[in-house]
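One file, protein12.cif, is given below (mmCIF, C-alpha atoms (C1' of nucleotides)).
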```
data_entry
loop_
_atom_site.label_atom_id
_atom_site.label_comp_id
_atom_site.auth_asym_id
_atom_site.auth_seq_id
_atom_site.Cartn_x
_atom_site.Cartn_y
_atom_site.Cartn_z
CA MET A 1 -4.90 -17.77 -25.01
CA LEU A 2 -6.12 -18.11 -21.44
CA ASP A 3 -8.22 -21.10 -20.53
CA ALA A 4 -10.91 -21.13 -17.87
CA THR A 5 -8.48 -22.31 -15.21
CA ASP A 6 -6.05 -19.49 -15.92
CA GLU A 7 -8.85 -16.99 -15.59
CA LYS A 8 -10.04 -18.42 -12.34
CA LEU A 9 -6.48 -18.45 -11.05
CA LEU A 10 -6.01 -14.88 -12.17
CA ARG A 11 -9.17 -13.90 -10.40
CA LEU A 12 -8.08 -15.57 -7.19
CA LEU A 13 -4.70 -13.89 -7.35
CA THR A 14 -6.28 -10.56 -8.15
CA ALA A 15 -8.42 -10.95 -5.05
CA ASN A 16 -5.46 -11.89 -2.89
CA SER A 17 -2.05 -12.22 -4.45
CA ARG A 18 -0.54 -13.41 -1.20
CA GLU A 19 -2.69 -16.49 -1.03
CA ALA A 20 -0.50 -19.58 -0.73
CA THR A 21 -0.09 -21.65 -3.87
CA SER A 22 -1.35 -24.70 -2.00
CA SER A 23 -4.51 -22.90 -1.01
CA LEU A 24 -5.08 -21.78 -4.60
CA ALA A 25 -4.56 -25.36 -5.70
CA ARG A 26 -7.24 -26.61 -3.36
CA LYS A 27 -9.70 -24.05 -4.65
CA LEU A 28 -8.89 -24.87 -8.26
CA GLY A 29 -8.95 -28.62 -7.77
CA LEU A 30 -5.42 -28.98 -9.09
CA SER A 31 -2.17 -30.10 -7.58
CA ARG A 32 0.04 -27.52 -5.98
CA SER A 33 2.82 -27.99 -8.49
CA THR A 34 0.46 -27.49 -11.39
CA VAL A 35 -0.73 -24.19 -10.02
CA GLN A 36 2.85 -23.18 -9.45
CA GLU A 37 3.58 -23.90 -13.09
CA ARG A 38 0.50 -22.06 -14.27
CA ILE A 39 1.50 -18.96 -12.36
CA ASN A 40 4.98 -19.12 -13.83
CA ARG A 41 3.51 -19.57 -17.29
CA LEU A 42 1.27 -16.55 -16.83
CA ILE A 43 4.34 -14.55 -15.90
CA ASP A 44 6.38 -15.92 -18.80
CA ARG A 45 3.59 -15.20 -21.25
CA LYS A 46 3.50 -11.62 -19.97
CA VAL A 47 -0.04 -11.88 -18.75
CA ILE A 48 1.00 -11.15 -15.19
CA ALA A 49 3.37 -8.24 -14.81
CA GLY A 50 3.81 -8.59 -11.09
CA PHE A 51 2.16 -8.70 -7.70
CA THR A 52 1.43 -5.61 -5.72
CA VAL A 53 -0.44 -3.93 -2.90
CA LYS A 54 -3.81 -2.25 -2.99
CA THR A 55 -3.62 0.69 -0.63
CA HIS A 56 -6.50 2.49 0.99
CA GLU A 57 -5.29 5.70 -0.59
CA GLU A 58 -6.22 8.41 1.81
CA TYR A 59 -6.37 10.69 -1.17
CA GLU A 60 -7.97 8.58 -3.90
CA GLY A 61 -10.31 7.04 -1.40
CA LYS A 62 -11.77 10.33 -0.36
CA LEU A 63 -12.50 11.45 -3.89
CA ILE A 64 -16.03 11.38 -5.17
CA THR A 65 -16.25 9.62 -8.52
CA ALA A 66 -18.84 10.04 -11.23
CA HIS A 67 -19.24 8.30 -14.55
CA VAL A 68 -20.63 10.72 -17.09
CA LEU A 69 -21.99 9.45 -20.37
CA VAL A 70 -21.94 12.20 -22.95
CA SER A 71 -23.72 12.52 -26.25
CA ILE A 72 -21.98 14.86 -28.70
CA ASP A 73 -22.64 16.09 -32.21
CA GLN A 74 -20.15 14.29 -34.37
CA LYS A 75 -18.81 17.47 -35.92
CA TYR A 76 -17.97 18.96 -32.53
CA ALA A 77 -16.55 15.75 -31.08
CA GLN A 78 -12.84 16.45 -31.53
CA GLN A 79 -13.15 19.98 -30.23
CA ALA A 80 -15.18 18.83 -27.23
CA ILE A 81 -12.72 16.07 -26.41
CA GLY A 82 -9.89 18.55 -26.61
CA LEU A 83 -11.64 20.84 -24.18
CA MET A 84 -12.53 18.12 -21.74
CA LYS A 85 -8.99 16.79 -21.74
CA THR A 86 -7.83 20.01 -20.18
CA HIS A 87 -10.22 19.87 -17.23
CA SER A 88 -8.44 18.78 -14.08
CA HIS A 89 -11.33 16.80 -12.61
CA ILE A 90 -11.92 14.75 -15.74
CA LYS A 91 -9.52 11.93 -15.08
CA THR A 92 -10.29 9.50 -17.88
CA MET A 93 -12.18 9.59 -21.13
CA TYR A 94 -13.36 6.79 -23.36
CA VAL A 95 -14.70 7.22 -26.87
CA VAL A 96 -17.50 4.69 -27.12
CA SER A 97 -20.16 3.38 -29.42
CA GLY A 98 -23.69 2.95 -28.17
CA ALA A 99 -26.33 5.36 -27.06
CA TYR A 100 -23.63 7.84 -26.04
CA ASP A 101 -20.37 8.90 -27.63
CA LEU A 102 -18.07 9.48 -24.71
CA ILE A 103 -17.64 8.36 -21.13
CA ALA A 104 -15.88 10.76 -18.82
CA ILE A 105 -14.68 9.66 -15.40
CA VAL A 106 -14.84 12.62 -13.06
CA LYS A 107 -13.15 12.70 -9.67
CA ALA A 108 -13.13 15.50 -7.13
CA PRO A 109 -12.94 15.88 -3.37
CA LYS A 110 -16.23 17.78 -3.04
CA MET A 111 -19.64 17.35 -4.55
CA GLU A 112 -19.64 20.99 -5.52
CA GLU A 113 -16.69 20.45 -7.83
CA ILE A 114 -18.35 17.43 -9.40
CA ASP A 115 -21.34 19.67 -10.08
CA GLN A 116 -19.20 22.37 -11.60
CA THR A 117 -17.52 19.82 -13.81
CA LEU A 118 -20.88 18.56 -15.03
CA ASP A 119 -21.87 22.13 -15.80
CA PHE A 120 -18.62 22.55 -17.67
CA ILE A 121 -19.30 19.47 -19.77
CA LEU A 122 -22.88 20.50 -20.51
CA GLY A 123 -21.68 23.93 -21.55
CA ILE A 124 -19.38 22.58 -24.23
CA ASN A 125 -20.41 23.24 -27.81
CA GLY A 126 -22.02 20.15 -29.35
CA VAL A 127 -22.79 18.36 -26.10
CA ASN A 128 -26.49 17.65 -26.14
CA LYS A 129 -27.13 15.06 -23.47
CA THR A 130 -25.40 13.59 -20.45
CA ASN A 131 -26.18 10.84 -17.99
CA THR A 132 -24.35 10.91 -14.70
CA SER A 133 -23.86 8.06 -12.24
CA LEU A 134 -22.30 8.79 -8.88
CA VAL A 135 -20.15 5.96 -7.59
CA LEU A 136 -21.27 4.84 -4.16
CA SER A 137 -18.96 1.87 -3.80
CA ALA A 138 -16.82 -0.49 -5.80
CA LYS A 139 -17.86 -4.12 -5.51
CA LYS A 140 -15.03 -5.59 -7.44
CA GLU A 141 -11.81 -3.96 -8.46
CA SER A 142 -9.32 -5.28 -10.91
CA MET B 143 1.42 7.06 11.43
CA LEU B 144 3.82 5.01 9.31
CA ASP B 145 7.39 4.71 10.48
CA ALA B 146 10.36 4.24 8.17
CA THR B 147 10.18 0.46 8.49
CA ASP B 148 6.52 0.37 7.50
CA GLU B 149 7.28 2.44 4.45
CA LYS B 150 10.14 0.24 3.41
CA LEU B 151 7.97 -2.82 3.94
CA LEU B 152 5.18 -1.26 1.93
CA ARG B 153 7.62 -0.49 -0.84
CA LEU B 154 8.87 -4.08 -0.91
CA LEU B 155 5.34 -5.45 -0.97
CA THR B 156 4.32 -3.02 -3.67
CA ALA B 157 7.22 -4.26 -5.77
CA ASN B 158 6.32 -7.90 -5.16
CA SER B 159 3.45 -8.77 -2.90
CA ARG B 160 4.16 -12.47 -3.18
CA GLU B 161 7.58 -12.20 -1.62
CA ALA B 162 7.84 -14.54 1.36
CA THR B 163 7.63 -12.93 4.77
CA SER B 164 10.98 -14.47 5.69
CA SER B 165 12.60 -12.91 2.68
CA LEU B 166 11.13 -9.51 3.55
CA ALA B 167 12.40 -9.98 7.09
CA ARG B 168 15.95 -10.55 5.88
CA LYS B 169 15.83 -7.42 3.74
CA LEU B 170 14.42 -5.37 6.59
CA GLY B 171 16.80 -6.77 9.20
CA LEU B 172 13.94 -7.93 11.38
CA SER B 173 12.68 -11.28 12.55
CA ARG B 174 10.09 -13.03 10.47
CA SER B 175 7.44 -12.82 13.15
CA THR B 176 7.92 -9.11 13.53
CA VAL B 177 7.40 -8.55 9.82
CA GLN B 178 4.30 -10.70 9.93
CA GLU B 179 2.93 -8.55 12.74
CA ARG B 180 3.75 -5.37 10.88
CA ILE B 181 1.90 -6.56 7.79
CA ASN B 182 -1.11 -7.48 9.90
CA ARG B 183 -0.97 -4.13 11.58
CA LEU B 184 -0.91 -2.36 8.23
CA ILE B 185 -4.00 -4.29 7.21
CA ASP B 186 -5.76 -3.61 10.53
CA ARG B 187 -4.99 0.06 10.30
CA LYS B 188 -6.50 0.11 6.80
CA VAL B 189 -3.27 1.15 5.18
CA ILE B 190 -3.19 -1.98 3.07
CA ALA B 191 -6.50 -2.82 1.39
CA GLY B 192 -5.29 -6.05 -0.15
CA PHE B 193 -2.79 -7.74 -2.42
CA THR B 194 -3.35 -8.00 -6.13
CA VAL B 195 -1.95 -8.65 -9.58
CA LYS B 196 -0.43 -6.19 -12.01
CA THR B 197 -1.32 -7.22 -15.56
CA HIS B 198 0.56 -6.24 -18.68
CA GLU B 199 -1.15 -3.51 -20.65
CA GLU B 200 -0.29 -5.35 -23.85
CA TYR B 201 -2.57 -8.09 -22.68
CA GLU B 202 -5.16 -5.71 -21.30
CA GLY B 203 -4.92 -3.67 -24.45
CA LYS B 204 -6.04 -6.53 -26.61
CA LEU B 205 -9.24 -6.82 -24.67
CA ILE B 206 -12.47 -5.29 -25.83
CA THR B 207 -13.97 -3.16 -23.08
CA ALA B 208 -17.59 -2.28 -22.49
CA HIS B 209 -19.22 -0.11 -19.85
CA VAL B 210 -22.55 -1.58 -18.93
CA LEU B 211 -25.03 0.47 -16.95
CA VAL B 212 -27.45 -1.80 -15.18
CA SER B 213 -30.81 -1.07 -13.63
CA ILE B 214 -31.78 -3.57 -10.93
CA ASP B 215 -34.73 -4.07 -8.65
CA GLN B 216 -33.53 -3.02 -5.21
CA LYS B 217 -34.57 -6.28 -3.61
CA TYR B 218 -32.50 -8.35 -6.03
CA ALA B 219 -29.50 -6.07 -5.93
CA GLN B 220 -27.30 -7.99 -3.50
CA GLN B 221 -28.04 -11.28 -5.17
CA ALA B 222 -27.35 -9.84 -8.61
CA ILE B 223 -24.10 -8.27 -7.49
CA GLY B 224 -23.04 -11.56 -5.98
CA LEU B 225 -23.70 -13.35 -9.23
CA MET B 226 -21.96 -10.77 -11.36
CA LYS B 227 -18.91 -10.82 -9.12
CA THR B 228 -18.29 -14.40 -10.09
CA HIS B 229 -18.29 -13.75 -13.84
CA SER B 230 -14.78 -13.76 -15.20
CA HIS B 231 -15.34 -11.06 -17.82
CA ILE B 232 -16.87 -8.58 -15.40
CA LYS B 233 -13.73 -6.90 -14.17
CA THR B 234 -15.05 -4.04 -12.07
CA MET B 235 -18.37 -3.07 -10.59
CA TYR B 236 -19.55 0.23 -9.17
CA VAL B 237 -22.70 0.72 -7.21
CA VAL B 238 -23.99 4.09 -8.34
CA SER B 239 -26.81 6.51 -7.89
CA GLY B 240 -28.50 8.05 -10.91
CA ALA B 241 -30.64 6.60 -13.67
CA TYR B 242 -28.94 3.24 -13.19
CA ASP B 243 -27.88 1.29 -10.13
CA LEU B 244 -24.71 -0.43 -11.16
CA ILE B 245 -21.91 0.03 -13.65
CA ALA B 246 -20.12 -3.11 -14.75
CA ILE B 247 -16.86 -2.90 -16.65
CA VAL B 248 -16.68 -5.88 -18.98
CA LYS B 249 -13.50 -6.98 -20.71
CA ALA B 250 -13.00 -9.89 -23.05
CA PRO B 251 -10.80 -10.77 -26.01
CA LYS B 252 -13.66 -11.39 -28.41
CA MET B 253 -16.87 -9.59 -29.20
CA GLU B 254 -18.72 -12.83 -28.84
CA GLU B 255 -17.74 -13.10 -25.21
CA ILE B 256 -18.80 -9.53 -24.57
CA ASP B 257 -22.14 -10.48 -26.06
CA GLN B 258 -22.43 -13.54 -23.90
CA THR B 259 -21.60 -11.51 -20.83
CA LEU B 260 -24.33 -9.02 -21.67
CA ASP B 261 -26.74 -11.89 -22.06
CA PHE B 262 -25.59 -13.22 -18.72
CA ILE B 263 -26.24 -9.85 -17.07
CA LEU B 264 -29.63 -9.48 -18.71
CA GLY B 265 -30.55 -12.96 -17.58
CA ILE B 266 -29.97 -12.19 -13.92
CA ASN B 267 -33.06 -12.01 -11.74
CA GLY B 268 -34.04 -8.41 -11.07
CA VAL B 269 -32.07 -6.84 -13.93
CA ASN B 270 -34.55 -4.84 -15.95
CA LYS B 271 -32.55 -2.53 -18.15
CA THR B 272 -29.00 -2.16 -19.38
CA ASN B 273 -27.16 0.37 -21.48
CA THR B 274 -23.93 -0.72 -23.06
CA SER B 275 -21.13 1.45 -24.40
CA LEU B 276 -18.29 -0.20 -26.25
CA VAL B 277 -14.99 1.51 -25.66
CA LEU B 278 -13.39 2.52 -28.95
CA SER B 279 -10.44 4.38 -27.52
CA ALA B 280 -9.17 6.06 -24.39
CA LYS B 281 -8.46 9.75 -24.78
CA LYS B 282 -7.03 10.33 -21.38
CA GLU B 283 -5.95 7.81 -18.80
CA SER B 284 -5.19 8.49 -15.21
"C1'" DC C 285 -3.30 -43.04 -39.38
"C1'" DG C 286 0.80 -43.39 -36.41
"C1'" DA C 287 4.91 -41.25 -34.71
"C1'" DT C 288 6.81 -37.44 -32.48
"C1'" DA C 289 6.92 -33.27 -30.09
"C1'" DA C 290 4.94 -30.11 -26.89
"C1'" DT C 291 2.11 -29.12 -23.21
"C1'" DT C 292 -0.13 -29.87 -18.98
"C1'" DC C 293 -0.38 -32.39 -15.10
"C1'" DC C 294 0.96 -34.93 -10.90
"C1'" DG C 295 3.55 -36.99 -6.70
"C1'" DT C 296 7.50 -36.77 -3.94
"C1'" DC C 297 11.31 -35.24 -0.95
"C1'" DA C 298 14.27 -32.19 1.42
"C1'" DA C 299 14.45 -27.50 2.70
"C1'" DT C 300 12.08 -23.52 3.85
"C1'" DT C 301 8.28 -20.97 5.60
"C1'" DT C 302 4.31 -20.22 8.40
"C1'" DA C 303 1.09 -19.56 12.38
"C1'" DA C 304 0.68 -19.05 16.98
"C1'" DC C 305 2.64 -18.70 21.27
"C1'" DG C 306 4.69 -16.55 25.50
"C1'" DG C 307 7.83 -13.53 27.04
"C1'" DA C 308 11.67 -9.80 26.68
"C1'" DA C 309 12.81 -4.93 25.57
"C1'" DA C 310 11.58 -0.33 24.68
"C1'" DC C 311 8.75 3.47 25.35
"C1'" DA C 312 5.06 6.42 27.39
"C1'" DA C 313 2.18 8.30 30.77
"C1'" DT C 314 1.30 8.89 35.25
"C1'" DA D 315 8.68 3.51 40.28
"C1'" DT D 316 4.53 1.36 38.23
"C1'" DT D 317 1.44 0.37 34.96
"C1'" DG D 318 0.17 -0.15 30.24
"C1'" DT D 319 1.21 -0.31 25.27
"C1'" DT D 320 3.84 -1.30 21.53
"C1'" DT D 321 7.34 -3.57 19.16
"C1'" DC D 322 10.23 -7.16 18.99
"C1'" DC D 323 12.10 -11.89 19.27
"C1'" DG D 324 12.72 -17.20 19.57
"C1'" DT D 325 10.49 -21.55 19.43
"C1'" DT D 326 7.54 -25.29 18.06
"C1'" DA D 327 4.74 -28.34 15.07
"C1'" DA D 328 2.43 -27.99 10.88
"C1'" DA D 329 2.13 -26.25 6.33
"C1'" DT D 330 4.22 -24.68 2.17
"C1'" DT D 331 7.74 -24.38 -1.30
"C1'" DG D 332 11.17 -25.42 -5.09
"C1'" DA D 333 12.84 -28.66 -7.98
"C1'" DC D 334 12.57 -33.04 -9.91
"C1'" DG D 335 11.24 -36.92 -13.12
"C1'" DG D 336 7.78 -38.97 -15.29
"C1'" DA D 337 2.66 -39.87 -16.62
"C1'" DA D 338 -1.20 -38.20 -19.24
"C1'" DT D 339 -3.05 -35.39 -22.62
"C1'" DT D 340 -3.00 -32.47 -26.91
"C1'" DA D 341 -0.97 -30.78 -31.24
"C1'" DT D 342 1.68 -31.30 -35.26
"C1'" DC D 343 3.08 -33.30 -39.33
"C1'" DG D 344 4.77 -36.75 -42.53
#
```
Once you've parsed the file, please lay out its structure as structure tokens.
Amino acid sequence: MLDATDEKLLRLLTANSREATSSLARKLGLSRSTVQERINRLIDRKVIAGFTVKTHEEYEGKLITAHVLVSIDQKYAQQAIGLMKTHSHIKTMYVVSGAYDLIAIVKAPKMEEIDQTLDFILGINGVNKTNTSLVLSAKKES
Amino acid sequence: MLDATDEKLLRLLTANSREATSSLARKLGLSRSTVQERINRLIDRKVIAGFTVKTHEEYEGKLITAHVLVSIDQKYAQQAIGLMKTHSHIKTMYVVSGAYDLIAIVKAPKMEEIDQTLDFILGINGVNKTNTSLVLSAKKES
DNA sequence: CGATAATTCCGTCAATTTAACGGAAACAAT
DNA sequence: ATTGTTTCCGTTAAATTGACGGAATTATCG
């Protein structure tokens, strides 16, 4: 579907969508018109939906984020997921396979609330283990 | 902080960050150079963090996603992060505190490529342990 | 295999856009 | 009124773009 050049182009545009087509072309070792066509193709093929701004969200930026891996007894899984869904600081949840069963992305303005959310998760019936990683910084954002 | 013009400009750029400065200027009723300055000011004032690509969820949706927790020797950390940044299937990276040091979000269309990416990560100097969770489904998305 | 179609690529030209100035208004703060 | 700051503008040479037609490469199929 996407060849290596498309992916590199996509990465460059993701890093800076305002970079001039000519500049992209130089970095990709292609002619400017080719890059132009590739971008148009990516748009036509619905790979690229558009170009936008990344804002330093005063709000989002100030939130503390934690990735919480959760291990749950299979028979309590649905119930636990249902409960966690309702918690306001649990922003995203992924059902996964691996050493854990669920990844919960927790965001809150204060560490105290992150703590309380972790306590909430640990208190849920069927949850037997968690592993929390506090996000210090994002090195690459898509 | 932001005047009405800045907000309108921000809205235009959010809709299409690749729009030419001249075109923005016409829509805003300002000279091109003024708009250029305003954009630079927005960047300097940390309102705009960057310009990026919006991808279609249909495309994103077809990708297999894995959350990879990575444990790295502190002294190799920067080097490892630099290397991982360049890998096309590593879409996002968080520096974290906890049992691991880094979380890499890996996305690829085929399981094989996920595998290869994990091998790539494990092969990096200083990486001593990883823990991979394959995303089966998202139960809640922010 | 060979012919044909489709895709990807490139160079080119005229028109537009950009970066980088210096200086004019507008606005505050004394 | 004066000084300083911010926002704005016009101007230039240099860079970039859009829009071609056609070459080179890859697929497709009879």
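Counting all atoms listed in the file, Met253 of chain B has the following residues at most 9 Å away, ignoring those fewer than 4 positions along the same chain: Ile206, Asp257 and Gln258 of chain B.
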Could you save those same residues with C-alpha atoms as a PDB file, in the frame of the given file?
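Generated output (result-v8.pdb):
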```pdb
ATOM      1  CA  ILE B 206     -12.470  -5.290 -25.830  1.00  0.00           C
ATOM      2  CA  ASP B 257     -22.140 -10.480 -26.060  1.00  0.00           C
ATOM      3  CA  GLN B 258     -22.430 -13.540 -23.900  1.00  0.00           C
TER       4      GLN B 258
END
```
At a cut-off of 9 Å, can you tabulate as CSV every residue of segment 169-231 of chain B near segment 17-26 of chain A together with its closest atom pair and the distance in Å to one decimal, using only C-alpha atoms and ordering rows by chain then number?
```
residue,atom,partner,partner_atom,distance
B:Gly192,CA,A:Ser17,CA,8.2
B:Phe193,CA,A:Ser17,CA,5.0
B:Thr194,CA,A:Ser17,CA,4.7
B:Val195,CA,A:Ser17,CA,6.3
```
Quick one: contact table of chain C to chain B, 12 Å max, nearest atom pair and distance in Å to one decimal per residue, counting only C-alpha atoms (C1' of nucleotides), chain and number order, as JSON lines?
```
{"residue": "C:DT300", "atom": "C1'", "partner": "B:Ser164", "partner_atom": "CA", "distance": 9.3}
{"residue": "C:DT301", "atom": "C1'", "partner": "B:Ser164", "partner_atom": "CA", "distance": 7.0}
{"residue": "C:DT302", "atom": "C1'", "partner": "B:Thr163", "partner_atom": "CA", "distance": 8.8}
{"residue": "C:DA303", "atom": "C1'", "partner": "B:Ser175", "partner_atom": "CA", "distance": 9.3}
{"residue": "C:DA304", "atom": "C1'", "partner": "B:Ser175", "partner_atom": "CA", "distance": 10.0}
{"residue": "C:DC305", "atom": "C1'", "partner": "B:Ser175", "partner_atom": "CA", "distance": 11.1}
```
As a check of understanding: the span from atom CA of Leu122 of chain A to atom CA of Ile103 of chain A is 13.2 Å
What do you get, as a ChimeraX atom specification, if you spell out every residue that the PyMOL selection byres ((chain D) within 10 of (chain A)) selects here?
-> /D:329-332
Length of the atom C1' of DC343 of chain D to atom C1' of DA289 of chain C vector [Å] =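 Between atom C1' of DC343 of chain D and atom C1' of DA289 of chain C the gap works out to 10.0 Å.
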Can you check the Cα RMSD once chain A has been least-squares fitted onto chain B over every paired atom, in order?
->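 The superposed chains show a C-alpha RMSD of 7.6 Å.
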Quick one: apply the PyMOL selection byres ((chain B and resi 266) around 10) to the file and drop the selected residues here as a CSV table (one decimal) with C-alpha atoms, in the frame of the given file.
```
chain,number,residue,atom,x,y,z
B,214,ILE,CA,-31.8,-3.6,-10.9
B,218,TYR,CA,-32.5,-8.4,-6.0
B,221,GLN,CA,-28.0,-11.3,-5.2
B,222,ALA,CA,-27.4,-9.8,-8.6
B,223,ILE,CA,-24.1,-8.3,-7.5
B,225,LEU,CA,-23.7,-13.4,-9.2
B,226,MET,CA,-22.0,-10.8,-11.4
B,261,ASP,CA,-26.7,-11.9,-22.1
B,262,PHE,CA,-25.6,-13.2,-18.7
B,263,ILE,CA,-26.2,-9.8,-17.1
B,264,LEU,CA,-29.6,-9.5,-18.7
B,265,GLY,CA,-30.6,-13.0,-17.6
B,267,ASN,CA,-33.1,-12.0,-11.7
B,268,GLY,CA,-34.0,-8.4,-11.1
B,269,VAL,CA,-32.1,-6.8,-13.9
B,270,ASN,CA,-34.6,-4.8,-16.0
```
Proximal residues of chain B relative to chain A (all atoms listed in the file; 8 Å) as JSON, numbers by chain | {"B": [152, 155, 156, 157, 158, 159, 160, 188, 189, 190, 191, 192, 193, 194, 195, 196, 197, 198, 201, 223, 227, 230, 233, 234, 235, 236, 237, 238, 239, 240, 241, 242, 273, 274, 275, 276, 277, 278, 279, 280, 281, 282, 283, 284]}
Matched chain/residue IDs from the PyMOL selection byres ((chain C and resi 311) around 10), as a PyMOL selection string | (chain C and resi 309-310+312-313) or (chain D and resi 319-321)
Just give me the gap between atom CA of Ala250 of chain B and atom CA of His231 of chain B in Å, one decimal is fine.
->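 Answer for the atom CA of Ala250 of chain B to atom CA of His231 of chain B separation: 5.8 Å.
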If I wrap all listed atoms of segment 252-263 of chain B in a box with edges along x, y and z and add 3 Å on each side, what are its centre and edge lengths in Å to one decimal, as lines of an AutoDock Vina configuration file?
```
center_x = -20.2
center_y = -11.3
center_z = -23.1
size_x = 19.1
size_y = 10.5
size_z = 18.1
```
Find the residues near DC323 of chain D: any atom within 8 Å, counting all atoms listed in the file, skip ones fewer than 6 places away on the same chain, and give them as a ChimeraX atom specification.
-> /B:173,175-176 /C:308
Polymer residues at most 9 Å from DT291 of chain C, all atoms listed in the file, same-chain spacing of 3 or more positions, as a PyMOL selection string | chain D and resi 339-341
